[in-house]
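S.K.: The structure's right below; bear with me while I get my questions together.
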Amino acid sequence: MRIQNLELTARTVVEGFVSGLHQSPYLGFSVDFAEYRTYQPGDELKRIDWNVFARSDKLYVKLYEGETNTRVLILLDMSGSMSYGSGDVKKIDYGKILAACLSYFAYHQRDGVGLVTFDSEIRAHIPAARRTGQLSNIFKEIDHAEASKETAFKKPLRYLAEILNRRGIIVVISDFYDEPSSIIAGLKALKSKGNDIMAFHIMDDYELTFPFEDMAQFEDLETLKKMHVIPEYLRPQYLSILNQHIAELKKGLSGAQIDYTLMNTSKPLDAGLFAYLAARASSV
Amino acid sequence: MSFLNPFFLFGAVALAVPVLIHLVRREKSEVVRFSSLMFLLKVPKRSVRQQKLKNLLLMVLRLLILALLVAAFMRPYMANSPLAAITGQSQGVVMLLDNSYSMRYGTNFDRMKTEAEKRINALGANDRMTLIVFNNNASVLDRPTSDKSELKARVSSIEPSFGGTRYYEAFVAADRALQQFTGMKRQLIMISDFQRAGWNRSSRENVIAKDVKTEMVNLGVENSTNVGIDNVSVDAASFARTFGGRVTARIHNYRKDQPVTVPASLSINDKEAGGRRSVTIPPNSTALAEFTGFDLPIGATKGKLKIEAMDPLAVDNEFLFSMVRLEKLKVLILDGGKPRQSFYLKSAFASSTELPMEVTVANAETIRAEDLPMYSIVLVNDVPKLSDSVRDRMTELRKSGQQGQFVILGEYADLGWWGNYAALPVKPLEKITATRNLGKSSVVMTSFDRNHGIFKKFQNSAKFTLSTAQFYAYTRMELKPGATALVKFEDGSPAMAEFSGKDRGLVVFASSVDNAVQTGWNDFPLKASFVPMFIEVARYLSHSDEVRDWYALGEGVPVVGSLVGGTAAVVTPSGERVSLGELTAGEQKFFTPEVPGFHEIRVGRQVRVVAVNPPSSEGNLDMIPPGELIDSVQSTAAEAAKAGLFTSDDQLDQARRQLSWWYILGIAILAAIAEIYIANRSNRAAAGTLIPGK
């Protein structure tokens with residue numbers, strides 16, 4: 001995916017998503033003056049600049065350019081398992097688009113945006129900032145990232161907990177193929193530093209339903225191990241264990257007041273963006 | 001174990017199919033790249049192991065089902081009972097004990113019992129034995145048992161019989177008894193003197209199965225010293241006070257090494273008669289002893305011929321026979337009163353000394369019906385017709401068997417009247433004159449029934465011929481249904497005829513026999529065959545030819561309700577009375593004596609004595625080698641193979657031995673049910689199966 005494409009996709013998705021909303025409840029939260037606009041019936045009276053009215057006898061409403069000190073750091077899982085996709089869209093692609101959309105969204109919300117890609121270790125880290133070219137750097141990194149290796153949350157999260165010294169919003173995009181306790185412990189550490197954390201659990205439809213029929217050798221994309229599987233016999237137990245895993249994640253994360261969203265790659269990104277906006281609103 | 005359809009073994013190749021499919025699928029299974037095996041690896045190992053075990057069990061069951069189906073279709077059968085191999089020492093024994101007449105030789109019978117007891121003592125605790133006693137017939141003594149004392153008691157209760165020997169019947173009974181011993185080793189013991197006379201079959205008879213172990217206990221004697229009476233021939237009916245015939249005894253010396261001389265004597269009603277004879281018999285040969293000139297009382301007489309031979313088999317040193325002295329035969333000739341009409345007939349009957357007759361000639365028109373019953377034979381010699389009363393009385397007397405009748409249809413016979421006489425075996429058609437009707441001077445009688453009672457005596461005589469008589473005229477007759485022609489003219493027309501079966505007793509002749517020479521009908525009375533034929537006619541019609549001198553044991557003795565019938569019974573030699581029920585006049589039943597000796601047969605007031613002798617063949621103690629005998633009845637391996645693998649001819653036995661394929665099929669079905677159950681349970685539980693990767 002080219003950077004331009006990624007940016008274009010993110011812009012299309014975000015703007016399409018935003019324009020669909022009746023009212024942006026978030027515009028005007030900033031304190032810096034932007035421009036005047038003639039009063040229109042329905043505008044709140046408190047927002048009329050009475051000084052200008054006194055000078056020119058005309059009613060103007062004062063508009064402010066938003067400004068924030070919120071930093072949004074997106075953690076994108078680049079482990080081997082993310083490269084799985086039963087259809088056209090791989091989990092990693094879905095995750096990349098989600099990360100790009102959120103970056104774009106946040107950047108244009110005047111938030112500082114950063115990116116961390118990781119597998120069992122931190123692979124790239126772009127600290128959150130709102131400087132020119134930040135978004136482009138993020139897109140470039142997202143674009144270049146390749147899924148490989150195993151997932152292990154413990155080490156990367158511990159590292160992040162050590163280096164992050166300002167509070168912000170941390171978005172974790174991953175398939176969470178690690179022990180729930182390890183994931184929850186890592187995220188709790190970040191949460192304890194005052195961060196708002198959002199966990200996007202990216203799963204393929206086939207992972208969620210295990211619709212395989214024929215006996216086959218299943219190859220692990222992370223470890224490359226193989227095993228003979230008769231899906232017909234194994235499906236119920238697999239789904240049971242998966243559901244238990246998700247339930248544990250959900251329970252553990254909600255207990256730590258961490259937002260958790262399970263995303264099926266066969267569904268649109270709306271759910272993810274809504275979740276982000278809801279979290280963003282609550283953090284202001 | 002062998003198989004009927006071994007080609008089905010190729011079906012076992014099917015066993016490889018599931019294994020091959022498994023291996024091929026395992027090798028060629030598709031590789032699916034999946035995000036992570038993390039969850040798959042978390043499936044409990046126990047469940048996987050259980051599933052693996054279930055799958056293994058399922059595969060084993062499926063292979064087992066296939067193997068069982070293949071085995072079932074191969075139709076296995078047991079050459080020997082499978083249980084026999086399991087039970088090891090347990091065996092079923094059938095012991096054949098010969099109690100035939102010949103076993104009375106010396107101490108043979110006691111030796112037989114001793115040998116039998118030895119075999120009983122040798123029985124194991126789990127062995128079972130059936131005893132079969134045989135002579136002419138074979139009879140099983142109770143059911144198989146392991147109780148030695150009971151078996152010994154049964155042996156000691158056996159008595160020697162007077163019956164002959166038939167090995168075949170004994171082997172058939174033994175085979176039947178051996179079939180009861182399913183699942184045991186089978187053994188056949190035979191204790192006998194192995195008389196060759198007991199085996200008269202020229203071909204092999206596969207009676208005893210190949211797997212039956214046999215033991216032949218031979219009690220036979222190599223050089224028999226027996227001397228016995230084979231046969232006695234005597235004219236059983238006599239009419240004279242002093243017996244003019246001969247009692248001829250054939251005495252057999254069974255010794256092969258030296259001649260013997262034995263005194264022979266005859267007793268009549270337990271009194272010695274006819275003197276004594278000393279008979280010298282060459283080795284392994286026979287000699288005759290003849291007795292004659294002794295007096296006979298009126299009625300039935302018991303005769304006994306005895307030799308004083310000091311041999312170990314005493315029972316054949318006596319021979320019984322019965323005789324009957326009859327009064328003169330009363331013969332009535334009814335004629336038309338023509339001069340010399342019955343001259344030749346009367347002369348023929350009067351000339352008989354062997355069969356004395358009292359002949360009365362009467363006119364058919366004047367005879368009274370009430371006078372008829374006093375005559376044993378009535379000859380109606382060419383009369384036009386009979387009065388109704390005479391005709392009816394004659395019919396009655398003939399039907400009751402009291403009177404024999406002879407009707408001559410000649411020159412004077414009214415064919416119309418005789419044609420309506422129902423008792424006549426023929427329908428007279430016309431009187432034929434050879435010159436006028438046949439265009440030749442005369443015809444002759446060309447053939448006669450040599451097996452008929454009248455002509456039996458001439459069966460082997462070349463001198464007796466009927467064809468010398470010239471018949472210039474005769475009555476053409478047509479046989480009624482059920483009638484047979486005893487003599488025929490050269491043109492096939494019957495000359496003499498009689499009803500066969502129950503209605504016999506009236507013989508009709510188709511031409512005049514008396515002054516025929518003068519009348520020009522025939523010259524038969526002038527021929528040599530005339531007198532003997534009419535004497536035999538009289539003998540036949542009087543039934544005196546039916547008196548038998550003796551019967552062999554086992555032969556049926558006829559009991560006839562000849563005159564008016566009545567209650568029939570037989571008094572055996574031991575004085576036991578055996579009832580034969582009611583007999584109507586002319587009805588016949590048969591009685592089979594079980595012991596030798598004189599039997600009195602009573603029908604109403606009539607008493608007849610019948611002599612019964614044991615079979616003379618039992619005196620010949622020549623042996624058949626026991627090995628040869630058993631080889632003649634036991635299947636060989638080659639015959640078993642040729643006969644389709646089985647060693648026994650018995651269908652049930654074969655069927656039983658093949659039954660195992662049903663059991664195998666049953667097990668296969670059970671395995672299939674188990675497979676379905678386990679597979680269904682497995683599906684319901686939906687447990688996974690996981691085979692660790694390479």
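Residues in the structure tokens are numbered from 1 in each chain, the chains being A, B, ... in the order shown, and ligands are numbered from 1 in the order shown.
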Could you please select, counting only C-alpha atoms, the residues of chain A within 8 Å of chain B and state them as a PyMOL selection string?
M.R.: chain A and resi 80-84+177+207+215-222+225-238+241-242
S.K.: Take the residues just selected and output them with C-alpha atoms as a CSV table (one decimal), in the first residue's frame.
M.R.:
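Listing of out05.csv after writing:
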```csv
chain,number,residue,atom,x,y,z
A,80,GLY,CA,3.1,-13.1,12.1
A,81,SER,CA,-0.4,-14.0,13.0
A,82,MET,CA,-1.6,-10.6,11.8
A,83,SER,CA,-0.7,-11.5,8.3
A,84,TYR,CA,-3.6,-14.0,8.2
A,177,TYR,CA,-2.4,-14.0,20.5
A,207,GLU,CA,-10.7,-17.3,13.2
A,215,MET,CA,-8.8,-32.5,7.3
A,216,ALA,CA,-5.6,-30.5,6.7
A,217,GLN,CA,-2.2,-29.6,8.1
A,218,PHE,CA,-2.6,-26.3,9.8
A,219,GLU,CA,0.6,-24.1,9.8
A,220,ASP,CA,1.1,-21.5,12.4
A,221,LEU,CA,2.0,-18.2,10.7
A,222,GLU,CA,4.1,-17.2,13.7
A,225,LYS,CA,4.7,-25.3,13.2
A,226,LYS,CA,2.3,-27.8,11.5
A,227,MET,CA,-0.4,-30.1,12.9
A,228,HIS,CA,-3.0,-32.4,11.4
A,229,VAL,CA,-6.4,-31.1,12.2
A,230,ILE,CA,-9.8,-32.6,11.5
A,231,PRO,CA,-11.8,-29.4,11.8
A,232,GLU,CA,-15.1,-31.3,12.1
A,233,TYR,CA,-14.0,-32.8,15.4
A,234,LEU,CA,-12.0,-29.8,16.7
A,235,ARG,CA,-14.3,-26.8,15.9
A,236,PRO,CA,-16.4,-26.8,19.1
A,237,GLN,CA,-13.4,-27.1,21.4
A,238,TYR,CA,-11.5,-24.4,19.4
A,241,ILE,CA,-11.3,-21.9,24.0
A,242,LEU,CA,-11.4,-18.8,21.7
```
S.K.: What's the 8 Å shell around Ala569 of chain B, counting only C-alpha atoms, without same-chain residues fewer than 4 positions away, as a short mmCIF file (atom, residue, chain, number, x, y, z; two decimals) with N, CA and C atoms, in the first residue's frame?
M.R.:
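Result saved to out16.cif:
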```cif
data_model
loop_
_atom_site.label_atom_id
_atom_site.label_comp_id
_atom_site.auth_asym_id
_atom_site.auth_seq_id
_atom_site.Cartn_x
_atom_site.Cartn_y
_atom_site.Cartn_z
N ARG B 577 -49.63 -115.87 23.91
CA ARG B 577 -50.66 -115.73 22.88
C ARG B 577 -50.60 -114.30 22.32
N VAL B 578 -50.37 -114.21 21.02
CA VAL B 578 -50.31 -112.88 20.38
C VAL B 578 -51.55 -112.73 19.52
N SER B 579 -52.38 -111.74 19.85
CA SER B 579 -53.63 -111.57 19.11
C SER B 579 -53.37 -110.82 17.80
N LEU B 580 -54.02 -111.29 16.73
CA LEU B 580 -53.91 -110.60 15.43
C LEU B 580 -55.23 -109.93 15.06
N GLY B 581 -56.18 -109.93 15.97
CA GLY B 581 -57.46 -109.25 15.73
C GLY B 581 -58.41 -110.13 14.93
N ILE B 601 -50.99 -121.19 14.78
CA ILE B 601 -51.76 -120.07 14.26
C ILE B 601 -53.23 -120.46 14.31
N ARG B 602 -53.98 -119.68 15.06
CA ARG B 602 -55.40 -120.00 15.23
C ARG B 602 -56.25 -118.90 14.58
N VAL B 603 -57.17 -119.38 13.70
CA VAL B 603 -58.17 -118.46 13.13
C VAL B 603 -59.52 -119.11 13.39
#
```
S.K.: Where in segment 116-172 of chain A does DSSP assign alpha helix (DSSP H), given as a JSON list (two decimals) with N, CA and C atoms, in the first residue's frame?
M.R.:
```
[["chain", "number", "residue", "atom", "x", "y", "z"],
["A", 134, "GLN", "N", 4.44, 14.84, 10.62],
["A", 134, "GLN", "CA", 4.26, 13.72, 11.56],
["A", 134, "GLN", "C", 3.36, 12.63, 10.97],
["A", 135, "LEU", "N", 2.27, 13.10, 10.39],
["A", 135, "LEU", "CA", 1.31, 12.14, 9.83],
["A", 135, "LEU", "C", 1.94, 11.35, 8.68],
["A", 136, "SER", "N", 2.72, 12.09, 7.89],
["A", 136, "SER", "CA", 3.38, 11.44, 6.76],
["A", 136, "SER", "C", 4.37, 10.37, 7.24],
["A", 137, "ASN", "N", 5.08, 10.70, 8.31],
["A", 137, "ASN", "CA", 6.02, 9.72, 8.86],
["A", 137, "ASN", "C", 5.30, 8.47, 9.38],
["A", 138, "ILE", "N", 4.18, 8.77, 10.01],
["A", 138, "ILE", "CA", 3.41, 7.64, 10.55],
["A", 138, "ILE", "C", 2.92, 6.73, 9.42],
["A", 139, "PHE", "N", 2.37, 7.36, 8.40],
["A", 139, "PHE", "CA", 1.88, 6.58, 7.25],
["A", 139, "PHE", "C", 2.99, 5.77, 6.62],
["A", 140, "LYS", "N", 4.17, 6.40, 6.54],
["A", 140, "LYS", "CA", 5.31, 5.72, 5.92],
["A", 140, "LYS", "C", 5.69, 4.47, 6.74],
["A", 141, "GLU", "N", 5.69, 4.69, 8.05],
["A", 141, "GLU", "CA", 6.06, 3.56, 8.92],
["A", 141, "GLU", "C", 5.02, 2.43, 8.85],
["A", 142, "ILE", "N", 3.76, 2.90, 8.85],
["A", 142, "ILE", "CA", 2.69, 1.89, 8.75],
["A", 142, "ILE", "C", 2.82, 1.11, 7.44],
["A", 143, "ASP", "N", 3.09, 1.86, 6.41],
["A", 143, "ASP", "CA", 3.15, 1.24, 5.10],
["A", 143, "ASP", "C", 4.30, 0.24, 5.00],
["A", 144, "HIS", "N", 5.38, 0.56, 5.59],
["A", 144, "HIS", "CA", 6.57, -0.30, 5.47],
["A", 144, "HIS", "C", 6.56, -1.49, 6.43],
["A", 154, "LYS", "N", 4.36, -8.65, 26.78],
["A", 154, "LYS", "CA", 5.01, -8.30, 28.04],
["A", 154, "LYS", "C", 6.15, -7.30, 27.85],
["A", 155, "LYS", "N", 7.06, -7.64, 27.00],
["A", 155, "LYS", "CA", 8.28, -6.84, 26.82],
["A", 155, "LYS", "C", 7.99, -5.46, 26.20],
["A", 156, "PRO", "N", 7.24, -5.41, 25.09],
["A", 156, "PRO", "CA", 6.98, -4.08, 24.49],
["A", 156, "PRO", "C", 6.20, -3.17, 25.43],
["A", 157, "LEU", "N", 5.22, -3.72, 26.13],
["A", 157, "LEU", "CA", 4.41, -2.87, 26.98],
["A", 157, "LEU", "C", 5.19, -2.38, 28.19],
["A", 158, "ARG", "N", 6.03, -3.27, 28.67],
["A", 158, "ARG", "CA", 6.87, -2.85, 29.81],
["A", 158, "ARG", "C", 7.79, -1.69, 29.36],
["A", 159, "TYR", "N", 8.31, -1.83, 28.19],
["A", 159, "TYR", "CA", 9.20, -0.79, 27.64],
["A", 159, "TYR", "C", 8.47, 0.54, 27.51],
["A", 160, "LEU", "N", 7.24, 0.45, 26.96],
["A", 160, "LEU", "CA", 6.46, 1.67, 26.76],
["A", 160, "LEU", "C", 6.10, 2.32, 28.10],
["A", 161, "ALA", "N", 5.77, 1.47, 29.05],
["A", 161, "ALA", "CA", 5.43, 2.00, 30.37],
["A", 161, "ALA", "C", 6.61, 2.77, 30.97],
["A", 162, "GLU", "N", 7.77, 2.32, 30.57],
["A", 162, "GLU", "CA", 8.95, 3.00, 31.10],
["A", 162, "GLU", "C", 9.21, 4.34, 30.42],
["A", 163, "ILE", "N", 8.98, 4.37, 29.12],
["A", 163, "ILE", "CA", 9.39, 5.59, 28.39],
["A", 163, "ILE", "C", 8.29, 6.64, 28.30]]
```
S.K.: What are the closest atom pairs, with distances in Å to one decimal, for all residues of segment 23-129 of chain A lying within 12 Å of segment 178-182 of chain A? Consider only C-alpha atoms, order rows by chain and residue number, and present the result as a Markdown table.
M.R.:
```
| residue | atom | partner | partner_atom | distance |
| --- | --- | --- | --- | --- |
| A:Asp77 | CA | A:Asp178 | CA | 11.5 |
| A:Ser79 | CA | A:Asp178 | CA | 10.8 |
| A:Ser81 | CA | A:Asp178 | CA | 10.9 |
| A:Asp119 | CA | A:Asp178 | CA | 10.8 |
| A:Ser120 | CA | A:Asp178 | CA | 10.1 |
```
S.K.: Write the residues you've just listed into a file as a CSV table (one decimal), in the first residue's frame, and include N, CA and C atoms for each of them.
M.R.:
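Listing of result38.csv after writing:
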```
chain,number,residue,atom,x,y,z
A,77,ASP,N,0.2,-4.1,16.3
A,77,ASP,CA,0.8,-5.4,16.4
A,77,ASP,C,1.2,-5.9,15.0
A,79,SER,N,2.9,-8.8,14.5
A,79,SER,CA,3.3,-10.2,14.6
A,79,SER,C,2.8,-11.0,13.4
A,81,SER,N,1.0,-13.6,13.1
A,81,SER,CA,-0.4,-14.0,13.0
A,81,SER,C,-1.3,-12.9,12.4
A,119,ASP,N,6.1,-6.6,17.8
A,119,ASP,CA,5.7,-8.0,17.8
A,119,ASP,C,6.1,-8.5,19.2
A,120,SER,N,7.2,-9.2,19.3
A,120,SER,CA,7.6,-9.5,20.7
A,120,SER,C,8.5,-8.5,21.2
```
S.K.: Show which residues sit within 10 Å of Phe200 of chain A, as a list in words. Count only C-alpha atoms, and ignore same-chain residues fewer than 3 positions away.
M.R.: Leu75, Leu76, Gly95, Leu98, Val171, Val172, Ile173, Ser174, Asp175, Phe176, Ile197, Met203, Asp259, Tyr260, Thr261, Leu262, Met263, Ala271, Gly272, Ala275 and Tyr276 of chain A
S.K.: Atoms to include: C-alpha atoms. Write the selected residues as an mmCIF file, in the first residue's frame.
M.R.:
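The resulting file, result.cif, is reproduced below:
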```
data_model
loop_
_atom_site.group_PDB
_atom_site.id
_atom_site.type_symbol
_atom_site.label_atom_id
_atom_site.label_comp_id
_atom_site.auth_asym_id
_atom_site.auth_seq_id
_atom_site.Cartn_x
_atom_site.Cartn_y
_atom_site.Cartn_z
ATOM 1 C CA LEU A 75 0.333 0.519 19.064
ATOM 2 C CA LEU A 76 0.125 -1.693 16.009
ATOM 3 C CA GLY A 95 -5.083 -2.988 11.346
ATOM 4 C CA LEU A 98 -7.524 1.395 11.268
ATOM 5 C CA VAL A 171 -4.707 2.661 21.040
ATOM 6 C CA VAL A 172 -3.669 -0.968 20.822
ATOM 7 C CA ILE A 173 -4.452 -2.727 17.567
ATOM 8 C CA SER A 174 -3.695 -6.426 17.807
ATOM 9 C CA ASP A 175 -5.048 -9.944 17.451
ATOM 10 C CA PHE A 176 -3.958 -10.517 21.012
ATOM 11 C CA ILE A 197 -6.296 2.853 26.625
ATOM 12 C CA MET A 203 -9.887 -11.049 14.204
ATOM 13 C CA ASP A 259 -12.033 -0.041 26.287
ATOM 14 C CA TYR A 260 -12.131 -3.257 24.359
ATOM 15 C CA THR A 261 -13.510 -3.616 20.865
ATOM 16 C CA LEU A 262 -13.551 -6.866 18.923
ATOM 17 C CA MET A 263 -13.284 -6.159 15.232
ATOM 18 C CA ALA A 271 -17.243 0.331 14.968
ATOM 19 C CA GLY A 272 -13.601 1.112 15.598
ATOM 20 C CA ALA A 275 -15.311 3.475 19.823
ATOM 21 C CA TYR A 276 -12.433 5.883 19.417
#
```
S.K.: I want to know what sits within 6 Å of Lys427 of chain B, based on only C-alpha atoms, with residues of the same chain fewer than 2 positions away left out; could you give that as a list in words?
M.R.: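 Those residues are Gly419, Met477 and Glu478 of chain B.
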S.K.: As a PyMOL selection string, please: all residues of segment 147-202 of chain A that backbone DSSP puts in strand (DSSP E).
M.R.: chain A and resi 169-174+196-202
S.K.: At a cut-off of 9 Å, using only C-alpha atoms, what residues contact Thr265 of chain A? Leave out same-chain residues fewer than 6 positions from it and give the result as a PyMOL selection string.
M.R.: chain A and resi 85+87+89-91+94-95+202-205
S.K.: Neighbours of segment 359-376 of chain B within 7 Å (only C-alpha atoms; same-chain residues fewer than 4 positions away dropped), as a PDB file with C-alpha atoms, in the first residue's frame?
M.R.:
```pdb
ATOM      1  CA  LEU B 329     -59.728-134.694  -1.753  1.00  0.00           C
ATOM      2  CA  LYS B 330     -63.419-134.738  -2.610  1.00  0.00           C
ATOM      3  CA  VAL B 331     -64.000-133.808  -6.207  1.00  0.00           C
ATOM      4  CA  LEU B 332     -67.388-133.340  -7.868  1.00  0.00           C
ATOM      5  CA  ILE B 333     -67.690-133.406 -11.630  1.00  0.00           C
ATOM      6  CA  LEU B 334     -70.921-131.928 -12.954  1.00  0.00           C
ATOM      7  CA  ASP B 335     -71.703-132.854 -16.529  1.00  0.00           C
ATOM      8  CA  GLY B 336     -74.652-132.950 -18.896  1.00  0.00           C
ATOM      9  CA  GLY B 337     -75.134-136.688 -18.549  1.00  0.00           C
ATOM     10  CA  LYS B 346     -62.440-138.996 -13.664  1.00  0.00           C
ATOM     11  CA  LEU B 386     -76.537-124.294 -13.969  1.00  0.00           C
ATOM     12  CA  SER B 387     -79.612-123.882 -11.877  1.00  0.00           C
ATOM     13  CA  SER B 389     -79.471-122.220  -6.619  1.00  0.00           C
ATOM     14  CA  VAL B 390     -76.399-124.241  -7.635  1.00  0.00           C
ATOM     15  CA  ARG B 393     -74.170-121.699  -3.733  1.00  0.00           C
ATOM     16  CA  LEU B 397     -68.364-121.462  -1.480  1.00  0.00           C
ATOM     17  CA  GLN B 402     -63.846-123.366   0.791  1.00  0.00           C
ATOM     18  CA  GLN B 403     -64.121-124.646  -2.712  1.00  0.00           C
ATOM     19  CA  GLY B 404     -62.110-124.467  -5.910  1.00  0.00           C
ATOM     20  CA  SER B 542     -57.627-127.416  -3.095  1.00  0.00           C
TER      21      SER B 542
END
```
S.K.: Atom CA of Lys488 of chain B and atom CA of Ala413 of chain B are how many Å apart?
M.R.: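 So the answer is 19.8 Å.
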S.K.: Expressed in Å to a single decimal, how great is the separation between atom CA of Ser352 of chain B and atom CA of Ala237 of chain B?
M.R.: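 If I compute the distance from atom CA of Ser352 of chain B to atom CA of Ala237 of chain B, I get 14.5 Å.
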S.K.: Which polymer residues have any atom within 6 Å of an atom of segment 316-322 of chain B, counting only C-alpha atoms, with same-chain residues fewer than 6 positions away left out, as a list in words?
M.R.: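 My list of contacting residues is Gly228, Ile229, Thr301, Lys302, Gly303, Lys304, Leu305, Lys306, Ile307, Asp549, Trp550 and Ala611 of chain B.
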S.K.: Rank nothing, just name the residue among B:Phe294, B:Ala469, B:Met74, B:Val234 nearest to Glu272 of chain B, using only C-alpha atoms.
M.R.: B:Phe294
